[in-house]
Amino acid sequence: MEVAKLTDVTRKYKIGEVETRALNGVSIIINDGEFTSLIGPSGSGKTTLLQLIGCLDQPSSGKIVINGKDTTNLNRNQRADLRKETIGFVFQFFALIPTLTAYENVEMPLLLNGKNPAERKQRTLELLDAVDMGKRANHRPDQLSGGQQQRVAIARALATNPKLILADEPTANLDTENGEQVMEIMKRLNKDTGATFVFATHDPRVIKYASRVVTLQDGLIVKDSNSK
Amino acid sequence: MMNYFKMAYRNLGRNFRRTLLSGMALAMGTALLMFIAAFFQGEMRSSMETTLRLNTGHLQVKDAEYDPDKFSVAWEYLIENPQQVSAQIEAMDQVQAATPRLFASGIVSVLEESVGVQIMGIIPDSSANDPYRDGLISGEFLTADDREGIVIGAPLAESLGLKVGDQLELLVNTSEGNVDKQKFTIRGIFSTGTTSYDKSVVLLPLAKAQAFSGAADHASMIFILLKDREQADAVAGAIQGNGLQIKTWKELNELLVLINDFSNAYLTVLNLIILGVTATVIVNTLLMSVFERTREIGILTAIGMKGRQIIALFLAEATLLALGGITFGSLIGWAISAYYSKVGVYFGDLGMSNDMLLNDRIYTELTLDSAVNLIVTAFIITILASLYPARMASRMEPVEALHGAQ
Ligand SMILES: Nc1ncnc2c1ncn2[C@@H]1O[C@H](COP(=O)(O)OP(=O)(O)OP(=O)(O)O)[C@@H](O)[C@H]1O
Ligand SMILES: [Mg+2]
């Protein structure tokens with residue numbers, strides 16, 4: 001099944017008179033259960049592509065279908081709903097809410113999805129255990145190391161069982177050991193839950209985990225290990 | 001559904017000093033306004049009560065021709081047989097006291113000094129004269145048949161260096177248009193608490209005032225106090241008499257009634273202005289926290305929070321801030337008002353005309369009505385003002401918000 005299907009997608013940024021083409025006509029299909037790595041030089045459009053797939057941003061042209069749903073004409077709220085139900089995010093910076101504990105951060109998407117308290121509690125603890133953070137449930141982000149924060153962020157991204165998890169350079173701010181650990185966890189969750197992962201990365205040590213590697217350059221896909 | 005308040009509470013705690021400062025701004029504004037409301041209320045009540053008690057009464061019966069500006073004692077302006085008329089009125093159920101009074105203009109002179117005064121002839125026994133009797137600070141009150149005694153106000157006595165037992169010379173404009181004069185002995189000195197009034201009025205027994213001014217058996221008015229001043233119209237309708245005019249306190253104090261009626265509108269405007277300023281402080285605080293939390297807003301949006309939920313989050317913060325600030329401010333405002341309702345605020349002689357008398361000391365009076373009005377207004381204004389930063393947060397594009405602080 002296709003989790004995401006992009007057809008001839010472009011994204012232009014206009015700053016004053018200068019127009020940057022961040023994506024220059026990208027077509028790609030992401031299938032269920034894939035563990036895809038987006039690579040390419042800095043400025044090649046990896047982040048832009050993830051943001052479009054994640055419905056955080058809208059393309060200048062082209063069509064994006066997520067989980068069978070055409071996103072072209074969705075309004076802000078509908079896009080928020082789509083994100084809430086279908087997509088999980090892991091960012092390069094450890095994007096936790098600083099006032100909330102690890103537990104509350106993971107619980108947040110479940111709250112937004114209107115899950116009942118018993119369900120929330122069970123799922124949150126289960127996820128924290130899955131990323132080996134059960135013992136730190138009541139710590140605030142500033143009481144956690146970068147690797148620990150990123151693991152909590154992964155738990156949060158998975159909270160609602162999203163079809164698709166998008167991770168933008170999840171290991172960039174981690175040392176080798178923590179980076180490997182985070183990748184191990186993502187790989188395991190990919191196997192266990194069948195969730196689809198797409199991550200942008202520069203890190204060659206990370207790429208070895210990928211089942212598919214897509215290379216971007218100047219806003220175009222120049223190489224895709226699936227279509228060799 | 002959401003734990004907005006939990007998050008809001010922690011967010012406020014993040015920059016505790018800033019939260020405290022903006023909460024204090026709101027508290028100060030509320031406290032100040034509460035005190036102003038209490039002061040205003042006290043002032044209005046004092047002014048109304050003093051004016052009615054000393055100057056106009058609740059009802060006045062006068063000759064239809066009476067010329068209130070001249071204190072003329074020409075007979076055609078006066079009521080005949082005033083004692084009889086007032087006795088009839090006093091017999092009515094709603095009436096507390098009805099008493100004839102004669103006004104004449106005069107001049108008090110002692111040695112080289114002379115001061116223009118209003119001579120008021122009164123029936124000493126009437127309870128309508130309690131403010132003077134109870135206000136005696138030395139000496140005794142008049143008796144009805146006293147032919148040489150006079151009672152004067154404390155500020156007048158002081159300015160002329162007079163004390164009880166001293167003599168003064170009084171000149172009067174008589175009914176024939178002449179001037180007559182006589183020496184009187186000061187029996188008592190009173191203070192009603194309103195200097196401007198006490199300076200200008202001297203009291204004689206009605207019979208003496210009538211004889212002295214040539215008014216014979218006439219009076220300028222029947223001064224009437226009611227048990228309930230709202231009954232004024234009803235009582236006025238029940239009093240009849242040929243060639244008489246009957247005026248209620250509302251007609252006699254049009255300006256005062258008007259000011260009283262407008263005082264609420266005036267306070268509301270003042271509330272809006274001061275609360276507008278405090279709201280600006282709150283808006284500023286929230287705006288700063290919106291900018292600081294750009295990335296956080298981006299994260300929340302990314303995981304599916306909707307615009308209205310972001311608004312709710314910031315409104316929850318504003319609500320907590322408002323609750324804290326307004327509660328604290330109300331307590332302070334209430335405490336200050338309570339203190340000054342006992343002690344009073346001393347103004348001294350404001351030199352007001354007798355149309356609108358004010359006690360020298362004003363006691364604040366905080367009514368539940370005005371306190372609730374203020375609290376609700378402060379709350380609504382704060383929340384309305386915070387809609388602006390809240391909406392701003394809710395309209396951030398997730399991508400830009402995420403970029404914001406990377
Ligand atoms: N908000 C923006 N406004 C203007 N130009 C932008 C914006 N975001 C990205 N770009 C431009 O679009 C192009 C692609 O950027 P993008 O962030 O997708 O690259 P990337 O592959 O993620 O790079 P990196 O590996 O450095 O993260 C770049 O030329 C960048 O300058
Ligand atoms: Mg990038």
# chains A, B, ... in the order shown; residues from 1 in each chain; ligands from 1

$ residues_around --residues "Leu102 of chain B" --least-positions-apart "2" --cutoff "6 Å" --atoms "only C-alpha atoms" --output "PyMOL selection string"
chain B and resi 120-121+219-220

$ residues_near_ligand --ligand "ligand 2" --cutoff "8 Å" --atoms "only C-alpha atoms and all ligand atoms" --output "PyMOL selection string"
chain A and resi 42-43+45-48+168-169+200

$ write_last_selection --atoms "N, CA and C atoms" --output "PDB file, in the first residue's frame"
ATOM      1  N   SER A  42      23.752  19.489   1.601  1.00  0.00           N
ATOM      2  CA  SER A  42      23.009  20.540   2.288  1.00  0.00           C
ATOM      3  C   SER A  42      22.323  21.445   1.267  1.00  0.00           C
ATOM      4  N   GLY A  43      21.077  21.764   1.508  1.00  0.00           N
ATOM      5  CA  GLY A  43      20.339  22.627   0.598  1.00  0.00           C
ATOM      6  C   GLY A  43      19.703  21.882  -0.561  1.00  0.00           C
ATOM      7  N   GLY A  45      17.148  19.935  -0.455  1.00  0.00           N
ATOM      8  CA  GLY A  45      15.686  19.903  -0.365  1.00  0.00           C
ATOM      9  C   GLY A  45      15.126  18.802   0.515  1.00  0.00           C
ATOM     10  N   LYS A  46      15.945  18.177   1.336  1.00  0.00           N
ATOM     11  CA  LYS A  46      15.487  17.059   2.176  1.00  0.00           C
ATOM     12  C   LYS A  46      14.424  17.516   3.178  1.00  0.00           C
ATOM     13  N   THR A  47      14.766  18.583   3.905  1.00  0.00           N
ATOM     14  CA  THR A  47      13.821  19.095   4.906  1.00  0.00           C
ATOM     15  C   THR A  47      12.529  19.555   4.243  1.00  0.00           C
ATOM     16  N   THR A  48      12.691  20.271   3.145  1.00  0.00           N
ATOM     17  CA  THR A  48      11.518  20.741   2.413  1.00  0.00           C
ATOM     18  C   THR A  48      10.604  19.577   2.032  1.00  0.00           C
ATOM     19  N   ASP A 168      13.706  14.262  10.756  1.00  0.00           N
ATOM     20  CA  ASP A 168      14.667  15.128  10.061  1.00  0.00           C
ATOM     21  C   ASP A 168      15.975  15.145  10.851  1.00  0.00           C
ATOM     22  N   GLU A 169      16.989  14.480  10.308  1.00  0.00           N
ATOM     23  CA  GLU A 169      18.300  14.388  10.949  1.00  0.00           C
ATOM     24  C   GLU A 169      18.200  14.058  12.437  1.00  0.00           C
ATOM     25  N   ALA A 200      15.558  12.060   6.957  1.00  0.00           N
ATOM     26  CA  ALA A 200      16.594  12.790   6.238  1.00  0.00           C
ATOM     27  C   ALA A 200      17.855  12.708   7.072  1.00  0.00           C
TER      28      ALA A 200
END

$ interface_residues --of "chain B" --to "chain A" --cutoff "6 Å" --atoms "only C-alpha atoms" --output "ChimeraX atom specification"
/B:303-304,398-399

$ write_last_selection --atoms "C-alpha atoms" --output "JSON list (two decimals), in the first residue's frame"
[["chain", "number", "residue", "atom", "x", "y", "z"],
["B", 303, "ILE", "CA", 1.66, 17.02, 16.33],
["B", 304, "GLY", "CA", -1.82, 18.12, 15.42],
["B", 398, "PRO", "CA", 4.08, 25.31, 11.46],
["B", 399, "VAL", "CA", 7.08, 25.39, 9.15]]

$ closest_residue --among "A:Thr7, A:Ser44, A:Thr171, A:Gln149" --to "Ile28 of chain A" --atoms "only C-alpha atoms"
A:Thr7

$ atom_distance --atom1 "atom CA of Leu32 of chain B" --atom2 "atom CA of Gly333 of chain B"
6.4 Å

$ residues_around --residues "Ala130 of chain A" --least-positions-apart "5" --cutoff "9 Å" --atoms "only C-alpha atoms" --output "PyMOL selection string"
chain A and resi 125+155+185+189

$ closest_residue --among "A:Val152, A:Gly147, A:Ile66, A:Asn73" --to "Glu107 of chain A" --atoms "only C-alpha atoms"
A:Val152

$ residues_around --residues "segment 80-91 of chain B" --least-positions-apart "5" --cutoff "7 Å" --atoms "only C-alpha atoms" --output "list of chain:residue names"
B:Gln96, B:Ala97, B:Ala98, B:Thr99, B:Pro100, B:Asp217, B:His218, B:Ala219, B:Ile222

$ write_last_selection --atoms "N, CA and C atoms" --output "PDB file, in the first residue's frame"
ATOM      1  N   GLN B  96     -41.070  62.571  58.731  1.00  0.00           N
ATOM      2  CA  GLN B  96     -40.311  62.432  59.963  1.00  0.00           C
ATOM      3  C   GLN B  96     -40.323  63.745  60.732  1.00  0.00           C
ATOM      4  N   ALA B  97     -40.121  64.840  59.987  1.00  0.00           N
ATOM      5  CA  ALA B  97     -40.143  66.143  60.630  1.00  0.00           C
ATOM      6  C   ALA B  97     -40.548  67.188  59.606  1.00  0.00           C
ATOM      7  N   ALA B  98     -41.328  68.164  60.054  1.00  0.00           N
ATOM      8  CA  ALA B  98     -41.670  69.301  59.203  1.00  0.00           C
ATOM      9  C   ALA B  98     -41.584  70.528  60.091  1.00  0.00           C
ATOM     10  N   THR B  99     -40.810  71.511  59.650  1.00  0.00           N
ATOM     11  CA  THR B  99     -40.592  72.656  60.536  1.00  0.00           C
ATOM     12  C   THR B  99     -40.452  73.927  59.716  1.00  0.00           C
ATOM     13  N   PRO B 100     -41.039  75.031  60.221  1.00  0.00           N
ATOM     14  CA  PRO B 100     -40.908  76.287  59.469  1.00  0.00           C
ATOM     15  C   PRO B 100     -39.508  76.882  59.647  1.00  0.00           C
ATOM     16  N   ASP B 217     -45.735  86.936  61.513  1.00  0.00           N
ATOM     17  CA  ASP B 217     -45.961  85.493  61.639  1.00  0.00           C
ATOM     18  C   ASP B 217     -45.790  84.793  60.291  1.00  0.00           C
ATOM     19  N   HIS B 218     -44.603  84.943  59.704  1.00  0.00           N
ATOM     20  CA  HIS B 218     -44.350  84.342  58.393  1.00  0.00           C
ATOM     21  C   HIS B 218     -43.078  83.503  58.450  1.00  0.00           C
ATOM     22  N   ALA B 219     -42.984  82.581  57.459  1.00  0.00           N
ATOM     23  CA  ALA B 219     -41.736  81.817  57.324  1.00  0.00           C
ATOM     24  C   ALA B 219     -41.402  81.684  55.845  1.00  0.00           C
ATOM     25  N   ILE B 222     -41.467  75.609  54.733  1.00  0.00           N
ATOM     26  CA  ILE B 222     -41.569  74.483  55.646  1.00  0.00           C
ATOM     27  C   ILE B 222     -40.526  73.481  55.151  1.00  0.00           C
TER      28      ILE B 222
END

$ residues_around --residues "Asn55 of chain B" --least-positions-apart "4" --cutoff "12 Å" --atoms "only C-alpha atoms" --output "compact mmCIF listing (two decimals) with N, CA, C and O atoms, in the first residue's frame"
# COMPACT_ATOMS: atom_id res chain seq x y z
N SER B 47 -22.24 63.80 49.79
CA SER B 47 -22.71 65.03 49.19
C SER B 47 -24.23 65.08 49.19
O SER B 47 -24.85 66.08 49.55
N MET B 48 -24.84 63.96 48.81
CA MET B 48 -26.30 63.91 48.77
C MET B 48 -26.87 64.05 50.18
O MET B 48 -27.74 64.87 50.43
N GLU B 49 -26.33 63.28 51.11
CA GLU B 49 -26.87 63.30 52.47
C GLU B 49 -26.68 64.66 53.13
O GLU B 49 -27.58 65.19 53.77
N THR B 50 -25.48 65.21 52.97
CA THR B 50 -25.20 66.50 53.60
C THR B 50 -26.10 67.58 53.02
O THR B 50 -26.67 68.39 53.75
N THR B 51 -26.22 67.58 51.72
CA THR B 51 -27.03 68.60 51.07
C THR B 51 -28.49 68.50 51.51
O THR B 51 -29.14 69.50 51.82
N LEU B 59 -38.38 67.68 51.14
CA LEU B 59 -39.46 68.45 50.51
C LEU B 59 -39.42 69.86 51.08
O LEU B 59 -39.05 70.05 52.24
N GLN B 60 -39.79 70.81 50.27
CA GLN B 60 -39.91 72.18 50.77
C GLN B 60 -41.26 72.74 50.33
O GLN B 60 -41.64 72.59 49.18
N ARG B 101 -39.04 77.51 58.60
CA ARG B 101 -37.77 78.22 58.69
C ARG B 101 -37.89 79.57 58.00
O ARG B 101 -38.56 79.68 56.99
N PHE B 103 -35.63 82.62 56.39
CA PHE B 103 -34.29 83.02 55.97
C PHE B 103 -34.22 84.52 55.74
O PHE B 103 -35.11 85.09 55.13
N GLN B 118 -26.19 84.15 56.39
CA GLN B 118 -27.58 83.84 56.17
C GLN B 118 -28.18 83.58 57.54
O GLN B 118 -27.73 82.70 58.27
N MET B 120 -30.93 82.11 59.83
CA MET B 120 -31.97 81.10 59.72
C MET B 120 -32.73 81.05 61.02
O MET B 120 -32.18 80.75 62.08
N ALA B 128 -35.60 68.23 62.93
CA ALA B 128 -34.93 68.62 61.69
C ALA B 128 -33.66 69.43 61.98
O ALA B 128 -32.78 69.54 61.14
N ASN B 129 -33.60 69.97 63.19
CA ASN B 129 -32.43 70.78 63.55
C ASN B 129 -31.36 69.98 64.31
O ASN B 129 -30.40 70.56 64.82
N PRO B 131 -28.89 68.23 63.21
CA PRO B 131 -27.49 68.41 62.78
C PRO B 131 -26.80 69.54 63.53
O PRO B 131 -25.59 69.48 63.76
N THR B 192 -21.22 71.17 61.66
CA THR B 192 -21.92 70.08 60.97
C THR B 192 -20.93 69.20 60.23
O THR B 192 -21.29 68.20 59.64
N THR B 194 -19.26 70.41 57.69
CA THR B 194 -19.12 71.00 56.37
C THR B 194 -18.78 72.48 56.55
O THR B 194 -19.65 73.31 56.79
N SER B 196 -17.89 75.00 54.63
CA SER B 196 -18.45 76.06 53.79
C SER B 196 -19.86 76.44 54.27
O SER B 196 -20.27 77.59 54.17
N TYR B 197 -20.59 75.45 54.80
CA TYR B 197 -21.93 75.73 55.27
C TYR B 197 -21.89 76.44 56.63
O TYR B 197 -22.55 77.45 56.85
N ASP B 198 -21.06 75.91 57.51
CA ASP B 198 -21.00 76.43 58.88
C ASP B 198 -20.51 77.88 58.93
O ASP B 198 -20.81 78.61 59.86
N SER B 200 -21.42 80.16 56.94
CA SER B 200 -22.34 81.14 56.37
C SER B 200 -23.70 81.20 57.04
O SER B 200 -24.52 82.01 56.67
N VAL B 201 -23.93 80.32 58.03
CA VAL B 201 -25.27 80.27 58.61
C VAL B 201 -25.24 80.61 60.11
O VAL B 201 -24.38 80.11 60.84
N MET B 221 -40.09 78.94 54.45
CA MET B 221 -40.44 77.61 53.95
C MET B 221 -40.78 76.69 55.09
O MET B 221 -40.49 76.95 56.25
N PHE B 223 -39.61 73.17 56.04
CA PHE B 223 -38.53 72.24 55.72
C PHE B 223 -38.99 70.86 56.17
O PHE B 223 -39.35 70.66 57.32
N ILE B 224 -39.00 69.90 55.23
CA ILE B 224 -39.59 68.60 55.54
C ILE B 224 -38.57 67.48 55.33
O ILE B 224 -37.92 67.40 54.29
N LEU B 225 -38.45 66.62 56.34
CA LEU B 225 -37.66 65.39 56.19
C LEU B 225 -38.61 64.21 56.21
O LEU B 225 -39.54 64.17 57.01
N TRP B 249 -36.82 66.92 46.74
CA TRP B 249 -35.36 67.01 46.76
C TRP B 249 -34.76 66.82 45.38
O TRP B 249 -33.70 67.37 45.08
N LEU B 252 -35.00 70.07 43.73
CA LEU B 252 -34.16 71.07 44.38
C LEU B 252 -32.67 70.82 44.12
O LEU B 252 -31.85 71.70 44.28
N ASN B 253 -32.34 69.59 43.74
CA ASN B 253 -30.93 69.24 43.56
C ASN B 253 -30.68 68.62 42.19
O ASN B 253 -30.08 67.56 42.09
N SER B 353 -20.51 75.68 46.96
CA SER B 353 -21.70 76.48 47.20
C SER B 353 -22.70 75.62 47.95
O SER B 353 -22.56 74.41 48.04
N ASN B 354 -23.72 76.26 48.51
CA ASN B 354 -24.69 75.51 49.28
C ASN B 354 -25.58 74.62 48.43
O ASN B 354 -26.34 73.83 48.95
N ASP B 355 -25.45 74.72 47.10
CA ASP B 355 -26.25 73.85 46.24
C ASP B 355 -25.75 72.42 46.32
O ASP B 355 -26.44 71.48 46.04
N MET B 356 -24.46 72.30 46.65
CA MET B 356 -23.89 70.97 46.68
C MET B 356 -22.88 70.95 47.81
O MET B 356 -21.76 71.37 47.66
N LEU B 357 -23.34 70.48 48.96
CA LEU B 357 -22.48 70.50 50.13
C LEU B 357 -21.69 69.21 50.24
O LEU B 357 -22.14 68.15 49.86
N LEU B 358 -20.50 69.32 50.75
CA LEU B 358 -19.66 68.14 50.96
C LEU B 358 -19.11 68.18 52.36
O LEU B 358 -18.68 69.23 52.83

$ residues_around --residues "Asn178 of chain A" --least-positions-apart "4" --cutoff "9 Å" --atoms "only C-alpha atoms" --output "CSV table (one decimal) with C-alpha atoms, in the first residue's frame"
chain,number,residue,atom,x,y,z
A,146,GLY,CA,20.1,14.7,24.2
A,147,GLY,CA,19.8,11.0,23.4
A,148,GLN,CA,17.2,10.5,26.1
A,171,THR,CA,20.9,11.7,15.0
A,174,LEU,CA,23.8,12.9,19.1
A,182,VAL,CA,18.1,5.8,18.4
A,183,MET,CA,18.4,4.2,15.0

$ residues_around --residues "segment 305-321 of chain B" --least-positions-apart "4" --cutoff "6 Å" --atoms "only C-alpha atoms" --output "PyMOL selection string"
chain B and resi 4-5+8+23+300-301+325+390-391+394

$ write_last_selection --atoms "N, CA and C atoms" --output "PDB file, in the first residue's frame"
ATOM      1  N   TYR B   4      -5.154  22.389  29.706  1.00  0.00           N
ATOM      2  CA  TYR B   4      -4.639  23.710  29.328  1.00  0.00           C
ATOM      3  C   TYR B   4      -4.115  24.454  30.543  1.00  0.00           C
ATOM      4  N   PHE B   5      -4.864  24.344  31.636  1.00  0.00           N
ATOM      5  CA  PHE B   5      -4.494  25.147  32.791  1.00  0.00           C
ATOM      6  C   PHE B   5      -3.203  24.654  33.434  1.00  0.00           C
ATOM      7  N   ALA B   8      -0.627  26.043  31.212  1.00  0.00           N
ATOM      8  CA  ALA B   8      -0.596  27.499  31.380  1.00  0.00           C
ATOM      9  C   ALA B   8       0.117  27.865  32.674  1.00  0.00           C
ATOM     10  N   GLY B  23       1.292  40.551  36.610  1.00  0.00           N
ATOM     11  CA  GLY B  23       0.202  40.309  37.553  1.00  0.00           C
ATOM     12  C   GLY B  23       0.037  41.487  38.499  1.00  0.00           C
ATOM     13  N   LEU B 300       3.756  21.874  18.719  1.00  0.00           N
ATOM     14  CA  LEU B 300       2.369  21.536  19.048  1.00  0.00           C
ATOM     15  C   LEU B 300       1.517  21.462  17.787  1.00  0.00           C
ATOM     16  N   THR B 301       1.747  22.416  16.868  1.00  0.00           N
ATOM     17  CA  THR B 301       0.997  22.389  15.614  1.00  0.00           C
ATOM     18  C   THR B 301       1.351  21.135  14.822  1.00  0.00           C
ATOM     19  N   GLY B 325      -3.985  38.328  39.487  1.00  0.00           N
ATOM     20  CA  GLY B 325      -3.826  39.775  39.602  1.00  0.00           C
ATOM     21  C   GLY B 325      -5.070  40.442  40.158  1.00  0.00           C
ATOM     22  N   ALA B 390      -2.946  35.621  21.468  1.00  0.00           N
ATOM     23  CA  ALA B 390      -3.348  34.219  21.326  1.00  0.00           C
ATOM     24  C   ALA B 390      -3.627  33.879  19.862  1.00  0.00           C
ATOM     25  N   ARG B 391      -4.338  34.781  19.192  1.00  0.00           N
ATOM     26  CA  ARG B 391      -4.636  34.539  17.778  1.00  0.00           C
ATOM     27  C   ARG B 391      -3.372  34.554  16.953  1.00  0.00           C
ATOM     28  N   SER B 394      -1.807  31.345  17.179  1.00  0.00           N
ATOM     29  CA  SER B 394      -2.538  30.296  16.479  1.00  0.00           C
ATOM     30  C   SER B 394      -2.369  30.381  14.966  1.00  0.00           C
TER      31      SER B 394
END
